[in-house]
Amino acid sequence: MKKKIILPFLAIIALSSCNVNIEKSLMNTTPILLTDDVNQDLAYLRNIASSYNKDESLSFYNYFTNALNLPIYNDNTILYNNKVYKIEGQDISFKEDYLKLNYSNEEDDILALNTKNYQISDIVYIKNLDTAYEIVDDNMGLDIALETEFYARPIAYKGVINGKALGLIPNIDNSQTFINIFNSLKNYNITTLILDGEAYLCNNRISLNNQSDFTILGNNSTILVNDSYNDSTYGEFIFNITGCTNILFSKFNITYDMKRSIDGIKTQLGVHSSKNIEIKDSNYLIPDTVLTINNKDREFTNMDLYSNWENVIISNCSFTNLCDSEAGGSLWIRDFWQKGSKNCKVLNSNFYKIAHDEILAVFSPGKIDNVLIKGNNFTIHDDGTSSSVMNFTLGTGNQHSNISFEDNKIDACSTGGLIWSKGQNVVIKNNDMKIHLSSKGTGNFRAIETQATSDGKINYIEEFSGNRISVDSYLDSYKFQVHILHNVKNVKNNEITINLDSTDVMLNVNNISNNKIITNKYINYVLYNVSGQINENQITINSLIGTIFRYYGQNLNDSILITRNNIKYLYEEGDSSSCWIMLNGMSMMGYSIDFIENDFFAMSLNSQSRTLFYAPEDNEVQTSKFMGNCTTGLNIKNNYLKNCEIQYE
């Protein structure tokens with residue numbers, strides 16, 4: 001027969017102070033006198049609580065636990081400065097002073113239990129583990145076998161226990177210990193596991209399976225994988241989260257430290273069939289030491305939201321992948337099993353990558369809805385033997401929707417482009433982007449582009465606004481095409497600086513307003529087949545151009561109004577010539593392209609340069625307006641008009 005487990009208890013100690021406040025107890029109506037130190041604690045705790053942002057954390061408890069780096073016990077209390085405070089909603093109140101229980105049985109370490117005559121149901125406090133144990137005659141998974149043939153069962157205080165009490169030891173292989181802990185959480189009512197900030201070697205795959213309401217307070221502890229990893233069986237992920245609900249990882253890291261070729265080493269953390277997963281202040285590192293591995297076609301990736309997940313927040317984390325492999329990146333967001341995934345936020349994190357694939361990608365055959373990538377730093381230098389084709393994929397088909405890429409800072413090179421997108425309702429706004437064409441580039445470069453899906457549909461990027469972008473090249477010369485913005489519905493309030501030879505700045509873009517565009521290298525066409533309202537833009541051209549507004553190969557389906565723009569062409573043309581607008585090889589279909597109340601300035605044009613070149617292929621004569629414009633330096637009378645009439649002032 002077993003006795004009832006005795007836990008440490010909390011007691012109220014009488015307080016006296018010259019300065020006190022009165023607070024109503026949450027347990028009864030008896031007022032509690034608050035001393036100065038309690039008031040100071042409350043002010044500090046409530047100030048932290050006031051910074052809670054429900055849009056950046058899955059719950060107040062997750063936020064508060066991580067911000068304080070302290071556990072919240074299962075009676076909704078925290079222990080701070082040796083006092084107990086109660087959490088109710090988002091309010092913090094003083095409950096009582098903490099009085100540690102004096103155990104009748106105390107030992108310095110667990111080994112002492114082998115030399116004492118403790119019996120079943122005895123409770124013994126082990127000082128160096130700061131944990132009480134009950135003597136039992138069976139093992140529920142984490143109990144420590146004694147020479148007396150009994151077991152010492154660790155007691156989780158209100159759901160909280162530290163890893164060393166469960167057998168975690170730094171710098172040895174802790175794989176089986178972690179597996180045992182994760183498999184036995186429910187047996188011990190463990191809701192929070194606290195680690196000591198150590199490196200825990202793990203050379204077998206670890207899985208957190210079918211758990212709920214569980215927190216790891218890592219204190220910057222690290223799961224370390226080295227050359228001793230057991231690769232006799234394949235595992236996609238070193239740390240696997242599956243079938244879990246309400247999980248928080250705080251300051252819990254994963255690092256590779258291997259130099260040999262290991263079969264099955266791929267992704268550090270994988271998530272599938274799980275919901276309400278929050279990962280905060282954690283670091284994922286794949287160092288350059290894996291460069292010594294001969295098989296460069298391997299994939300090494302930091303994290304993979306693999307399939308069938310819901311409500312995942314990744315914030316204030318660091319993803320570093322320096323492996324230079326021919327496959328792999330930093331963060332995959334996908335639904336591989338086509339079961340549906342939704343609601344992911346990647347916030348305020350740092351990414352650095354030297355590997356072939358994207359640094360972040362939303363892709364897969366399955367459905368993904370609602371992805372927010374906000375406030376992050378992304379860095380990809382032109383290092384290594386293999387450069388990314390593209391840096392970001394924001395959806396690969398119609399099944400990926402509502403993807404927002406906001407307030408990020410980017411300094412990245414690639415051979416093909418920065419952002420490629422096929423998803424529906426993609427928004428890119430308020431980002432600071434430094435875009436570099438890699439020195440390894442060998443083909444067309446599309447900095448930001450929506451591509452056609454497999455059924456031929458083009459899901460235009462819905463909005464590109466408030467961004468500051470600069471584009472340059474690490475190649476001294478090249479002959480392939482370079483497009484900056486391609487297939488975007490609304491472009492507004494951006495600052496765009498072009499420092500490389502380009503085919504066009506905007507191609508198939510609609511509704512362009514209040515942008516500041518500066519070109520410092522040759523541009524063939526500044527705006528190509530743009531439509532809708534093009535108004536109040538400032539365009540400064542410091543290099544030779546072919547044509548500013550180019551229309552070709554696509555028949556008009558609506559009229560286009562170009563109004564109140566300020567365009568300065570500051571290049572002295574010499575023997576070269578240019579054109580302000582050129583339209584041919586297409587039909588206007590009864591619609592017009594009108595220039596109204598613009599300010600056009602040209603410094604020094606070749607005598608052959610034209611202002612208007614309209615030659616539509618319609619059966620009937622078309623019309624457009626050129627009215628109210630200020631045209632300093634333009635060859636306004638050197639126009640070419642065929643099958644089109646222009647209404648001037």
# chains A, B, ... in the order shown; residues from 1 in each chain; ligands from 1
$ residues_around --residues "A:Gly340" --least-positions-apart "6" --cutoff "8 Å" --atoms "only C-alpha atoms" --output "NGL selection string"
:A and (307-309 or 366-368)
$ residues_around --residues "stretch 388-401 of chain A" --least-positions-apart "2" --cutoff "6 Å" --atoms "only C-alpha atoms" --output "number ranges by chain"
A: 356-363, 367-369, 403, 414-425, 453
$ closest_residue --among "A:Thr35, A:Thr385, A:Asn343, A:Gln608" --to "A:Asn402" --atoms "only C-alpha atoms"
A:Asn343
$ closest_residue --among "A:Gln338, A:Asn183, A:Thr65, A:Ser604" --to "A:Leu79" --atoms "only C-alpha atoms"
A:Thr65
$ residues_around --residues "A:Lys637" --least-positions-apart "4" --cutoff "9 Å" --atoms "only C-alpha atoms" --output "ChimeraX atom specification"
/A:610-612
$ residues_around --residues "A:Asn226" --least-positions-apart "3" --cutoff "12 Å" --atoms "only C-alpha atoms" --output "MDAnalysis selection string"
chainID A and resid 171:173 199:204 223 229:231 238 254:262 265 286:287 289:290
$ select_by_dssp --residues "stretch 95-164 of chain A" --states "strand (DSSP E)" --output "short mmCIF file (atom, residue, chain, number, x, y, z; two decimals) with N, CA and C atoms, in the first residue's frame"
data_model
loop_
_atom_site.label_atom_id
_atom_site.label_comp_id
_atom_site.auth_asym_id
_atom_site.auth_seq_id
_atom_site.Cartn_x
_atom_site.Cartn_y
_atom_site.Cartn_z
N LYS A 95 0.25 36.29 -3.67
CA LYS A 95 -0.50 35.27 -2.95
C LYS A 95 0.07 35.03 -1.56
N GLU A 96 1.36 34.72 -1.48
CA GLU A 96 1.95 34.42 -0.18
C GLU A 96 3.47 34.34 -0.31
N ASP A 97 4.14 34.41 0.82
CA ASP A 97 5.57 34.12 0.84
C ASP A 97 5.78 32.62 0.66
N GLU A 106 16.34 13.68 4.19
CA GLU A 106 17.12 14.43 3.22
C GLU A 106 18.47 13.74 3.02
N GLU A 107 18.92 13.70 1.75
CA GLU A 107 20.22 13.13 1.43
C GLU A 107 20.93 14.06 0.45
N ILE A 123 9.32 9.43 1.61
CA ILE A 123 9.67 10.57 0.76
C ILE A 123 11.04 11.06 1.18
N VAL A 124 11.96 11.17 0.20
CA VAL A 124 13.32 11.59 0.49
C VAL A 124 13.68 12.76 -0.44
N TYR A 125 14.19 13.83 0.17
CA TYR A 125 14.61 14.99 -0.61
C TYR A 125 16.11 14.84 -0.92
N ILE A 126 16.48 14.93 -2.21
CA ILE A 126 17.86 14.82 -2.67
C ILE A 126 18.37 16.22 -2.96
N THR A 131 15.14 17.87 -5.66
CA THR A 131 13.91 17.15 -5.98
C THR A 131 13.64 16.11 -4.90
N ALA A 132 12.36 15.91 -4.61
CA ALA A 132 11.94 14.86 -3.69
C ALA A 132 11.59 13.60 -4.48
N TYR A 133 11.86 12.46 -3.88
CA TYR A 133 11.58 11.16 -4.50
C TYR A 133 10.76 10.32 -3.53
N GLU A 134 9.87 9.52 -4.09
CA GLU A 134 9.12 8.55 -3.30
C GLU A 134 9.70 7.17 -3.56
N ILE A 135 9.85 6.38 -2.51
CA ILE A 135 10.33 5.02 -2.65
C ILE A 135 9.15 4.14 -3.06
N VAL A 136 9.30 3.43 -4.18
CA VAL A 136 8.22 2.61 -4.73
C VAL A 136 8.78 1.24 -5.11
N ILE A 144 14.27 5.59 -10.63
CA ILE A 144 15.67 5.21 -10.53
C ILE A 144 15.78 3.90 -9.74
N ALA A 145 16.39 2.89 -10.35
CA ALA A 145 16.54 1.59 -9.69
C ALA A 145 17.56 1.70 -8.56
N TYR A 151 12.56 1.40 -6.12
CA TYR A 151 12.83 2.48 -7.08
C TYR A 151 12.61 3.82 -6.39
N ALA A 152 13.34 4.83 -6.85
CA ALA A 152 13.12 6.21 -6.39
C ALA A 152 12.35 6.95 -7.48
N ARG A 153 11.15 7.35 -7.14
CA ARG A 153 10.27 7.99 -8.13
C ARG A 153 10.33 9.51 -7.96
N PRO A 154 10.78 10.25 -9.00
CA PRO A 154 10.85 11.71 -8.89
C PRO A 154 9.45 12.32 -8.81
N VAL A 160 6.12 20.68 -12.48
CA VAL A 160 7.43 21.19 -12.91
C VAL A 160 8.54 20.32 -12.35
N ILE A 161 9.52 20.00 -13.18
CA ILE A 161 10.67 19.22 -12.73
C ILE A 161 11.88 19.60 -13.56
N ASN A 162 13.08 19.43 -13.00
CA ASN A 162 14.29 19.73 -13.76
C ASN A 162 14.86 18.46 -14.38
#
$ closest_residue --among "A:Ile120, A:Asn376, A:Asp130, A:Asp504" --to "A:Lys100" --atoms "only C-alpha atoms"
A:Asp130
$ closest_atom_pairs --of "stretch 303-325 of chain A" --to "stretch 276-279 of chain A" --cutoff "6 Å" --atoms "only C-alpha atoms" --output "JSON lines"
{"residue": "A:Asn311", "atom": "CA", "partner": "A:Asn276", "partner_atom": "CA", "distance": 4.8}
{"residue": "A:Val312", "atom": "CA", "partner": "A:Ile277", "partner_atom": "CA", "distance": 4.8}
{"residue": "A:Ile313", "atom": "CA", "partner": "A:Glu278", "partner_atom": "CA", "distance": 4.8}
{"residue": "A:Ile314", "atom": "CA", "partner": "A:Ile279", "partner_atom": "CA", "distance": 4.8}
$ closest_residue --among "A:Ser93, A:Ser502, A:Ser587, A:Ser473" --to "A:Glu620" --atoms "only C-alpha atoms"
A:Ser587
